[in-house]
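Engineer: Pasting query08.cif here (mmCIF, C-alpha atoms):
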```cif
data_target
loop_
_atom_site.label_atom_id
_atom_site.label_comp_id
_atom_site.auth_asym_id
_atom_site.auth_seq_id
_atom_site.Cartn_x
_atom_site.Cartn_y
_atom_site.Cartn_z
CA MET A 1 114.06 80.79 126.54
CA ALA A 2 110.41 81.49 125.80
CA TYR A 3 110.62 84.52 128.09
CA VAL A 4 113.76 85.70 126.27
CA GLN A 5 111.98 85.44 122.92
CA GLN A 6 108.95 87.26 124.31
CA ALA A 7 111.18 90.02 125.67
CA ARG A 8 112.82 90.43 122.26
CA SER A 9 109.42 90.75 120.60
CA THR A 10 107.75 93.06 123.13
CA SER A 11 110.71 94.88 124.77
CA ASP A 12 109.00 94.31 128.11
CA ALA A 13 111.72 94.69 130.76
CA ALA A 14 109.68 92.65 133.26
CA THR A 15 109.93 89.65 130.93
CA TYR A 16 113.73 89.83 131.09
CA HIS A 17 113.44 89.51 134.87
CA ARG A 18 111.20 86.46 134.58
CA ALA A 19 113.65 84.86 132.13
CA ARG A 20 116.58 85.50 134.47
CA THR A 21 114.64 84.04 137.42
CA ALA A 22 113.80 80.84 135.53
CA LEU A 23 117.36 80.41 134.21
CA ARG A 24 118.95 80.97 137.61
CA LYS A 25 116.60 78.41 139.13
CA SER A 26 117.64 75.93 136.44
CA LEU A 27 121.31 76.61 137.19
CA ALA A 28 120.67 76.21 140.92
CA LEU A 29 119.06 72.81 140.32
CA ARG A 30 121.91 71.72 138.05
CA PRO A 31 125.01 73.87 138.53
CA ALA A 32 127.41 71.74 136.46
CA GLY A 33 127.10 70.92 132.77
CA ASN A 34 123.81 72.79 132.37
CA PHE A 35 124.71 74.10 128.91
CA THR A 36 121.05 74.74 128.02
CA ALA A 37 120.62 77.23 130.87
CA GLU A 38 124.06 78.72 130.15
CA THR A 39 123.02 79.21 126.52
CA GLY A 40 119.84 80.85 127.75
CA MET A 41 121.79 83.20 130.00
CA GLY A 42 123.98 84.15 127.05
CA ALA A 43 120.94 84.86 124.89
CA LEU A 44 119.42 86.91 127.73
CA GLU A 45 122.55 89.02 128.18
CA SER A 46 122.74 89.60 124.41
CA ALA A 47 119.12 90.72 124.42
CA ARG A 48 120.00 93.19 127.18
CA HIS A 49 123.06 94.37 125.21
CA HIS A 50 125.48 93.02 127.82
CA PHE A 51 127.68 91.41 125.18
CA ALA A 52 130.76 90.77 127.31
CA GLU A 53 128.64 88.84 129.81
CA ALA A 54 126.94 87.05 126.91
CA LEU A 55 130.34 85.95 125.62
CA THR A 56 131.26 84.55 129.05
CA TRP A 57 128.07 82.49 129.26
CA ALA A 58 128.40 81.31 125.65
CA ARG A 59 131.94 80.13 126.27
CA ARG A 60 130.78 78.20 129.33
CA ALA A 61 127.97 76.61 127.28
CA THR A 62 130.23 75.63 124.38
CA ALA A 63 132.82 74.26 126.80
CA ALA A 64 130.14 72.13 128.46
CA ASN A 65 128.81 70.93 125.09
CA PRO A 66 130.88 71.74 121.98
CA TYR A 67 128.19 70.13 119.81
CA SER A 68 125.35 72.47 120.80
CA ALA A 69 124.35 74.52 117.74
CA PRO A 70 122.31 77.09 119.79
CA ALA A 71 125.32 77.69 122.05
CA GLN A 72 127.50 78.32 118.98
CA GLY A 73 124.87 80.77 117.75
CA VAL A 74 124.93 82.75 121.00
CA LEU A 75 128.74 82.72 120.84
CA ALA A 76 128.62 84.05 117.27
CA ASP A 77 126.18 86.81 118.25
CA ALA A 78 128.40 87.96 121.11
CA PHE A 79 131.51 87.99 118.91
CA THR A 80 129.65 89.98 116.24
CA GLN A 81 128.39 92.64 118.62
CA LEU A 82 131.86 92.97 120.17
CA GLY A 83 133.38 93.55 116.73
CA ARG A 84 135.31 90.26 116.64
CA TYR A 85 134.11 89.34 113.18
CA GLU A 86 136.61 86.61 112.28
CA ASP A 87 135.75 84.77 115.51
CA SER A 88 132.05 85.21 114.77
CA TYR A 89 132.47 83.78 111.25
CA ALA A 90 134.15 80.68 112.71
CA ALA A 91 131.39 80.22 115.29
CA VAL A 92 128.69 80.54 112.61
CA GLN A 93 130.50 77.97 110.47
CA ARG A 94 130.58 75.54 113.41
CA MET A 95 126.89 76.16 114.05
CA THR A 96 126.02 75.53 110.40
CA ASP A 97 128.13 72.37 110.33
CA LEU A 98 126.35 71.07 113.43
CA ARG A 99 122.80 71.92 112.36
CA PRO A 100 122.14 73.89 109.16
CA ASP A 101 118.68 75.04 110.22
CA SER A 102 116.95 78.35 109.58
CA SER A 103 118.68 80.09 112.49
CA ALA A 104 122.17 78.98 111.40
CA LEU A 105 121.57 79.96 107.77
CA ALA A 106 120.28 83.37 108.82
CA ARG A 107 123.46 84.01 110.80
CA ALA A 108 125.54 82.79 107.87
CA SER A 109 123.71 85.24 105.64
CA TYR A 110 124.55 88.08 107.98
CA THR A 111 128.26 87.20 107.97
CA TRP A 112 128.30 87.63 104.19
CA GLU A 113 126.33 90.86 104.46
CA LEU A 114 129.00 92.18 106.82
CA ARG A 115 131.62 91.30 104.23
CA GLY A 116 129.71 93.18 101.53
CA ASN A 117 128.64 90.15 99.51
CA THR A 118 124.94 90.98 99.16
CA ALA A 119 124.24 88.28 96.56
CA ARG A 120 125.63 85.52 98.81
CA ALA A 121 123.77 86.98 101.80
CA ARG A 122 120.49 86.97 99.85
CA ASP A 123 121.02 83.39 98.69
CA LEU A 124 121.62 82.12 102.24
CA MET A 125 118.66 84.08 103.63
CA ASN A 126 116.41 82.51 100.99
CA LYS A 127 117.66 79.11 102.17
CA SER A 128 116.89 80.19 105.73
CA LEU A 129 113.36 81.07 104.60
CA GLN A 130 112.93 77.67 102.97
CA ALA A 131 114.13 75.93 106.15
CA ALA A 132 111.92 78.04 108.44
CA GLY A 133 109.78 75.82 110.63
CA THR A 134 107.83 78.46 112.54
CA PRO A 135 106.07 81.71 111.60
CA THR A 136 108.65 83.59 113.68
CA GLU A 137 111.56 82.14 111.70
CA LYS A 138 109.77 82.85 108.44
CA ALA A 139 109.07 86.43 109.48
CA PHE A 140 112.70 86.94 110.51
CA ALA A 141 113.99 85.69 107.16
CA LEU A 142 111.52 87.83 105.19
CA THR A 143 112.46 90.87 107.26
CA HIS A 144 116.10 90.54 106.32
CA LEU A 145 115.35 89.77 102.70
CA ALA A 146 113.33 92.98 102.60
CA THR A 147 116.26 94.78 104.21
CA LEU A 148 118.65 93.46 101.56
CA ALA A 149 116.23 94.53 98.83
CA LEU A 150 116.14 98.05 100.23
CA GLU A 151 119.92 98.19 100.50
CA THR A 152 120.21 97.27 96.82
CA GLY A 153 117.67 99.90 95.74
CA ASP A 154 114.65 97.65 95.19
CA PRO A 155 111.90 99.01 97.48
CA ARG A 156 109.10 97.38 95.47
CA THR A 157 110.48 93.89 96.20
CA ALA A 158 111.04 94.89 99.83
CA LEU A 159 107.39 95.95 100.07
CA ASP A 160 106.20 92.60 98.69
CA LEU A 161 108.47 90.61 101.01
CA ALA A 162 107.41 92.54 104.09
CA GLY A 163 103.75 92.10 103.13
CA THR A 164 104.24 88.36 102.76
CA GLY A 165 105.85 88.21 106.18
CA LEU A 166 103.02 90.14 107.80
CA GLU A 167 100.56 87.62 106.38
CA ALA A 168 102.43 84.89 108.28
CA LEU A 169 102.97 86.95 111.44
CA PRO A 170 100.59 89.96 111.59
CA GLY A 171 101.75 92.82 113.75
CA ASP A 172 105.44 91.86 113.76
CA ALA A 173 107.26 95.12 114.54
CA ALA A 174 110.39 94.36 112.49
CA LEU A 175 108.32 93.54 109.41
CA LEU A 176 106.25 96.68 109.91
CA GLU A 177 109.46 98.71 110.03
CA ALA A 178 110.71 97.08 106.82
CA ARG A 179 107.44 97.83 105.07
CA ALA A 180 107.49 101.40 106.39
CA ARG A 181 110.98 101.91 104.97
CA ALA A 182 109.82 100.54 101.64
CA HIS A 183 106.80 102.88 101.63
CA THR A 184 109.13 105.78 102.40
CA ALA A 185 111.47 104.88 99.54
CA LEU A 186 108.47 104.67 97.20
CA GLY A 187 107.25 108.12 98.24
CA GLN A 188 104.25 106.90 100.25
CA PRO A 189 104.63 108.73 103.60
CA ARG A 190 101.06 108.16 104.79
CA GLN A 191 101.40 104.36 104.62
CA ALA A 192 104.91 104.61 106.15
CA VAL A 193 103.60 106.59 109.13
CA ALA A 194 100.83 104.03 109.66
CA ASP A 195 103.33 101.15 109.69
CA PHE A 196 105.82 102.91 111.97
CA THR A 197 102.99 103.82 114.35
CA ALA A 198 101.87 100.19 114.48
CA ALA A 199 105.48 99.07 115.06
CA VAL A 200 105.89 101.52 117.94
CA ALA A 201 102.62 100.32 119.46
CA GLY A 202 103.89 96.74 119.37
CA ALA A 203 107.48 97.39 120.48
CA PRO A 204 108.53 100.98 121.31
CA LEU A 205 112.13 100.56 120.21
CA PRO A 206 114.34 103.55 119.37
CA GLN A 207 114.72 102.72 115.67
CA TYR A 208 110.94 102.66 115.16
CA LEU A 209 110.50 105.96 117.01
CA LEU A 210 113.30 107.55 115.01
CA GLY A 211 111.81 106.31 111.75
CA LEU A 212 108.44 107.75 112.71
CA GLY A 213 110.09 110.98 113.81
CA ASP A 214 111.82 111.33 110.44
CA LEU A 215 108.42 111.32 108.76
CA GLN A 216 106.58 113.61 111.17
CA PRO A 217 107.91 116.95 109.79
CA ARG A 218 106.37 116.05 106.43
CA ARG A 219 102.90 116.12 107.94
CA ARG A 220 100.90 119.23 108.70
CA ARG A 221 99.63 118.07 112.08
CA PRO A 222 101.70 115.12 113.37
CA GLU A 223 99.84 112.54 115.40
CA PRO A 224 101.15 111.87 118.91
CA LEU A 225 103.45 108.89 119.08
CA ALA A 226 101.96 105.68 120.35
CA ALA A 227 104.65 105.53 123.05
CA GLU A 228 103.57 108.97 124.28
CA ARG A 229 99.92 108.00 124.32
CA SER A 230 100.58 104.87 126.35
CA GLY A 231 103.26 106.37 128.59
CA THR A 232 105.74 103.71 127.48
CA VAL A 233 109.44 104.39 127.97
CA LEU A 234 112.12 103.34 125.54
CA ALA A 235 113.37 99.81 125.97
CA PRO A 236 116.69 98.29 124.88
CA ALA A 237 116.84 97.40 121.20
CA ARG A 238 116.07 93.81 120.38
CA ALA A 239 119.17 91.70 120.12
CA GLY A 240 119.54 89.61 117.04
CA ASN A 241 117.51 92.05 115.00
CA HIS A 242 120.40 93.30 112.91
CA SER A 243 118.33 95.79 111.00
CA HIS A 244 120.63 97.69 108.68
CA LEU A 245 117.94 99.49 106.79
CA PRO A 246 119.19 102.72 105.24
CA HIS A 247 117.58 105.78 106.72
CA PRO A 248 115.62 107.72 104.12
CA ASP A 249 116.89 111.14 103.21
CA ARG A 250 115.25 113.56 105.52
CA ALA A 251 112.91 115.73 103.61
CA ASP A 252 112.69 119.35 104.62
CA GLY A 253 109.64 120.22 106.63
CA PRO A 254 107.03 122.66 105.37
CA ARG A 255 108.49 126.09 104.89
CA ARG A 256 107.20 128.79 107.19
CA THR A 257 105.19 131.31 105.26
CA GLY A 258 105.63 134.10 107.80
CA THR A 259 108.45 136.62 107.97
CA SER A 260 111.82 135.31 109.14
CA ARG A 261 113.96 137.02 111.74
CA THR A 262 116.55 137.94 109.11
CA GLY A 263 113.84 139.50 106.99
CA LEU A 264 112.57 141.52 109.94
CA ILE A 265 116.04 142.91 110.65
CA GLY A 266 116.32 143.94 107.00
CA MET A 267 112.91 145.60 107.10
CA GLY A 268 113.87 147.45 110.29
CA ILE A 269 117.05 148.78 108.69
CA ALA A 270 115.10 149.80 105.59
CA GLY A 271 112.54 151.56 107.79
CA GLY A 272 115.32 153.52 109.48
CA LEU A 273 116.68 154.61 106.07
CA VAL A 274 113.33 155.97 104.86
CA PRO A 275 113.43 159.84 104.86
CA SER A 276 111.40 161.30 107.72
CA PRO A 277 109.94 164.83 107.89
CA SER A 278 111.07 165.08 111.50
CA ALA A 279 114.63 164.18 110.58
CA LEU A 280 114.54 166.78 107.79
CA VAL A 281 113.43 169.48 110.24
CA VAL A 282 116.31 168.55 112.59
CA LEU A 283 118.83 168.68 109.73
CA LEU A 284 117.59 172.05 108.43
CA GLY A 285 117.66 173.50 111.95
CA ALA A 286 121.25 172.38 112.42
CA VAL A 287 122.25 173.85 109.05
CA ALA A 288 120.62 177.15 109.99
CA LEU A 289 122.65 177.20 113.21
CA GLY A 290 125.83 176.47 111.28
CA ARG A 291 126.27 173.00 112.79
CA THR A 292 125.75 170.85 109.72
CA ALA A 293 127.94 167.95 110.89
CA PHE A 294 126.04 167.76 114.18
CA GLY A 295 122.77 167.77 112.23
CA VAL A 296 123.91 164.86 110.05
CA LEU A 297 124.94 162.95 113.20
CA LEU A 298 121.49 163.56 114.71
CA VAL A 299 119.76 162.31 111.55
CA VAL A 300 121.93 159.15 111.58
CA GLY A 301 121.04 158.56 115.25
CA TYR A 302 117.39 159.15 114.45
CA GLY A 303 117.50 156.53 111.67
CA LEU A 304 119.33 153.98 113.83
CA GLY A 305 116.83 154.45 116.64
CA MET A 306 113.94 153.96 114.25
CA ALA A 307 115.55 150.83 112.78
CA VAL A 308 116.21 149.29 116.22
CA THR A 309 112.67 150.08 117.39
CA LEU A 310 111.05 148.57 114.31
CA THR A 311 113.30 145.48 114.46
CA LEU A 312 112.63 144.83 118.15
CA ALA A 313 108.91 145.24 117.67
CA GLY A 314 108.96 142.79 114.77
CA LEU A 315 111.06 140.24 116.69
CA LEU A 316 108.67 140.47 119.62
CA LEU A 317 105.75 139.71 117.33
CA VAL A 318 107.62 136.75 115.80
CA ARG A 319 108.34 135.42 119.30
CA LEU A 320 104.68 135.69 120.22
CA ARG A 321 103.71 133.94 116.98
CA ASP A 322 106.13 131.08 117.66
CA ARG A 323 104.76 130.59 121.15
CA PHE A 324 101.24 130.60 119.84
CA GLU A 325 102.09 127.99 117.19
CA ALA A 326 103.91 125.83 119.77
CA ARG A 327 100.71 125.73 121.79
CA ALA A 328 98.42 125.48 118.81
CA ASP A 329 96.45 122.60 120.31
CA LYS A 330 95.82 124.55 123.50
CA TYR A 331 94.59 127.59 121.62
CA ALA A 332 92.89 125.75 118.79
CA ARG A 333 89.63 127.62 119.30
CA LEU A 334 91.40 130.96 118.84
CA ARG A 335 93.01 129.94 115.56
CA ALA A 336 90.04 130.78 113.35
CA PRO A 337 89.38 134.29 114.81
CA PHE A 338 93.08 135.15 114.61
CA ALA A 339 93.22 133.91 111.03
CA ARG A 340 90.32 136.18 110.10
CA LEU A 341 91.99 139.13 111.83
CA ALA A 342 95.24 138.42 109.99
CA GLY A 343 93.35 138.44 106.72
CA ILE A 344 91.59 141.79 107.25
CA GLY A 345 94.42 143.45 109.20
CA PRO A 346 96.31 145.01 106.25
CA ALA A 347 93.13 146.29 104.64
CA ALA A 348 91.86 147.73 107.95
CA SER A 349 95.20 149.48 108.57
CA ALA A 350 95.19 151.02 105.11
CA ALA A 351 91.58 152.17 105.52
CA LEU A 352 92.40 153.76 108.90
CA VAL A 353 95.38 155.68 107.47
CA LEU A 354 93.26 156.81 104.51
CA ALA A 355 90.44 157.99 106.79
CA VAL A 356 92.77 159.94 109.10
CA GLY A 357 94.48 161.54 106.09
CA ALA A 358 91.15 162.51 104.55
CA LEU A 359 89.98 163.99 107.86
CA LEU A 360 93.15 166.08 108.25
CA THR A 361 92.85 167.25 104.64
CA LEU A 362 89.23 168.36 105.16
CA ARG A 363 90.13 170.20 108.34
CA ALA A 364 92.98 172.00 106.59
CA ALA A 365 90.72 172.94 103.66
CA ALA A 366 88.04 174.28 105.99
CA GLY A 367 90.49 176.40 107.97
CA PRO A 368 91.57 179.97 107.20
CA TRP A 369 94.01 180.45 104.35
#
```
Give the structure from the file, written as structure tokens.

Structural biologist:
Amino acid sequence: MAYVQQARSTSDAATYHRARTALRKSLALRPAGNFTAETGMGALESARHHFAEALTWARRATAANPYSAPAQGVLADAFTQLGRYEDSYAAVQRMTDLRPDSSALARASYTWELRGNTARARDLMNKSLQAAGTPTEKAFALTHLATLALETGDPRTALDLAGTGLEALPGDAALLEARARAHTALGQPRQAVADFTAAVAGAPLPQYLLGLGDLQPRRRRPEPLAAERSGTVLAPARAGNHSHLPHPDRADGPRRTGTSRTGLIGMGIAGGLVPSPSALVVLLGAVALGRTAFGVLLVVGYGLGMAVTLTLAGLLLVRLRDRFEARADKYARLRAPFARLAGIGPAASAALVLAVGALLTLRAAAGPW
């Protein structure tokens, strides 16, 4: 059971294997009536999200000892995760009748939360907090009280509750997630990112990674995830951690300041519509030959060709820009020179056009009239 609890806290798959090995050895030593090991197997299967198997083991444990409160708790958890809520409520009631400790009261709180009675759920979770005998039980109760506060639109209280829990159990990933959600609701993304990062470092569960990912677009240069730095793969979510924290509204990321593809297409079409001296010469030549309609068709083709050429050139530049930005870290040393070139580019182009025009004008003025 200690291995099961450790696996829930750290999401270390190897710990699940050690728990299974110890429990199977216990069952081999005492195959009949070993409700403690059967309860442990049920808790293990729930932690691994094998809820049908968990239900089978829990039923065996409760049949062997109907007066075991932990076995009733595992039975209630399996029923809940399988969507059999009425059965889970009955199992929680039996567990509470047998031993109304912190664990039973926490499950009772969750049954009322499922039924939408937040006030009753909060009252029972406060009783679970008062009955908590270990830092882990206290942290669990404070986590869910913070969750309830967030669900009722009180992030300030959630922040205080999560902070109190972290004083009792520093580094607890569930409490760090609750505090991160509270920071997010209060418009404090920097503190939220720090808490989510710490939660991921302690237990790289999907909900922590998703919470951190939601906040990353708001930052200019997102830090690499702790799971990426350590090479950790995602582990199954911790069973029993019924975290129903509302996801914060996703804020839009920073808007790109460059030209969009739609804008480039519009600029290309506008460039094709601009009158061109060459097109005018073609049109006048066709009119002189008495083929005005053919001349108009040539001018239209000329404009379309110019528009397509300008658009494709612009799209190619946008594609190159996107690739450069995607590999910004690799080309970090080139960022500053390119930024300077981008700043002086328009002025240099205008100066070049002006110089060529002035040179052509001088040559024309110096030539024979």

Engineer: Give the answer as one residue: which of A:Ser26, A:Leu44, A:Glu113, A:Leu304 has the shortest atom-to-atom distance to A:Tyr3, using only C-alpha atoms?

Structural biologist: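 The closest residue to A:Tyr3 is A:Leu44.
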
Engineer: Please provide as a ChimeraX atom specification all residues within 8 Å of A:Ala106, with the sequence filter that same-chain residues fewer than 5 positions apart are discarded (counting only C-alpha atoms).

Structural biologist: /A:124-125,128,141

Engineer: Kindly save the residues from that selection, with C-alpha atoms included, as an mmCIF file, in the coordinates of the input.

Structural biologist:
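New file part-v9.cif:
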```
data_model
loop_
_atom_site.group_PDB
_atom_site.id
_atom_site.type_symbol
_atom_site.label_atom_id
_atom_site.label_comp_id
_atom_site.auth_asym_id
_atom_site.auth_seq_id
_atom_site.Cartn_x
_atom_site.Cartn_y
_atom_site.Cartn_z
ATOM 1 C CA LEU A 124 121.620 82.120 102.240
ATOM 2 C CA MET A 125 118.660 84.080 103.630
ATOM 3 C CA SER A 128 116.890 80.190 105.730
ATOM 4 C CA ALA A 141 113.990 85.690 107.160
#
```

Engineer: What does the distance from atom CA of A:His144 to atom CA of A:Arg181 come to in Å, to one decimal?

Structural biologist: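 Separating atom CA of A:His144 from atom CA of A:Arg181 is a distance of 12.5 Å.
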
Engineer: Identify all residues satisfying the PyMOL selection byres ((chain A and resi 146-149) around 7) in the given file; provide them as a PyMOL selection string.

Structural biologist: chain A and resi 122+142-145+150-155+157-158+161-162+178+244-245

Engineer: List as a list in words the protein and nucleic acid residues near A:Leu280, meaning an atom at most 10 Å away when all atoms listed in the file are counted, but skip any in the same chain fewer than 6 places from it.

Structural biologist: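 These residues fall inside the cut-off: Ala286, Gly295, Val296 and Val299 of chain A.
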
Engineer: I'd like to see the residues matched by the PyMOL selection byres ((chain A and resi 79) around 12) on this file, and ideally I'd get them as a VMD selection string.

Structural biologist: chain A and resid 42 46 50 to 56 58 to 59 72 to 78 80 to 92 111

Engineer: Go through A:Ala180, A:Ile344, A:Ala173, A:Leu129 one by one, measure the shortest atom-to-atom distance of each to A:Leu205 using all atoms listed in the file, and give the residue with the smallest value.

Structural biologist: A:Ala173

Engineer: A:Val318, A:Val308, A:Ala168, A:Leu362: which is nearest A:Ala132, counting only C-alpha atoms?

Structural biologist: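 Answer, going by the shortest atom-to-atom distance: A:Ala168.
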
Engineer: Closest to A:Leu105 among A:Val356, A:Ala131, A:Ala119, A:Ala22, using only C-alpha atoms?

Structural biologist: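 Answer, going by the shortest atom-to-atom distance: A:Ala131.
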
Engineer: Which value, in Å to one decimal, gives the distance between atom CA of A:Ala71 and atom CA of A:Leu27?

Structural biologist: 15.7 Å

Engineer: To one decimal place in Å, what is the distance between atom CA of A:Ser103 and atom CA of A:Ala32?

Structural biologist: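 So the answer is 26.8 Å.
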
Engineer: Which of these, A:Ala279, A:Glu167, A:Arg156, A:Gln5, has the shortest distance to A:Gly301 once you count all atoms listed in the file?

Structural biologist: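 The answer is A:Ala279, which sits nearest to A:Gly301.
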
Engineer: Could you check the closest approach to A:Arg179 for each of A:Gly133, A:Gly303, A:Pro206, A:Gly211 and tell me which residue wins, using only C-alpha atoms?

Structural biologist: A:Gly211

Engineer: Kindly resolve the PyMOL selection byres ((chain A and resi 20) around 9) on the present coordinates and return the residues as a list of chain:residue names.

Structural biologist: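 This file, filtered by the PyMOL selection byres ((chain A and resi 20) around 9), leaves A:Tyr3, A:Val4, A:Thr15, A:Tyr16, A:His17, A:Arg18, A:Ala19, A:Thr21, A:Ala22, A:Leu23, A:Arg24, A:Lys25, A:Gly40, A:Met41, A:Leu44.
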
Engineer: Produce the centre coordinates and the three edge lengths, each in Å to one decimal, of the box along x, y and z that contains all listed atoms of stretch 15-33 of chain A with 8 Å added on each side, as JSON.

Structural biologist:
```
{"center_x": 118.7, "center_y": 80.4, "center_z": 135.9, "size_x": 33.5, "size_y": 34.9, "size_z": 26.0}
```

Engineer: Using only C-alpha atoms - which residues lie no farther than 8 Å from the point (127.9, 75.3, 130.0) in the file's frame? Write them as a ChimeraX atom specification.

Structural biologist: /A:32-39,57-65
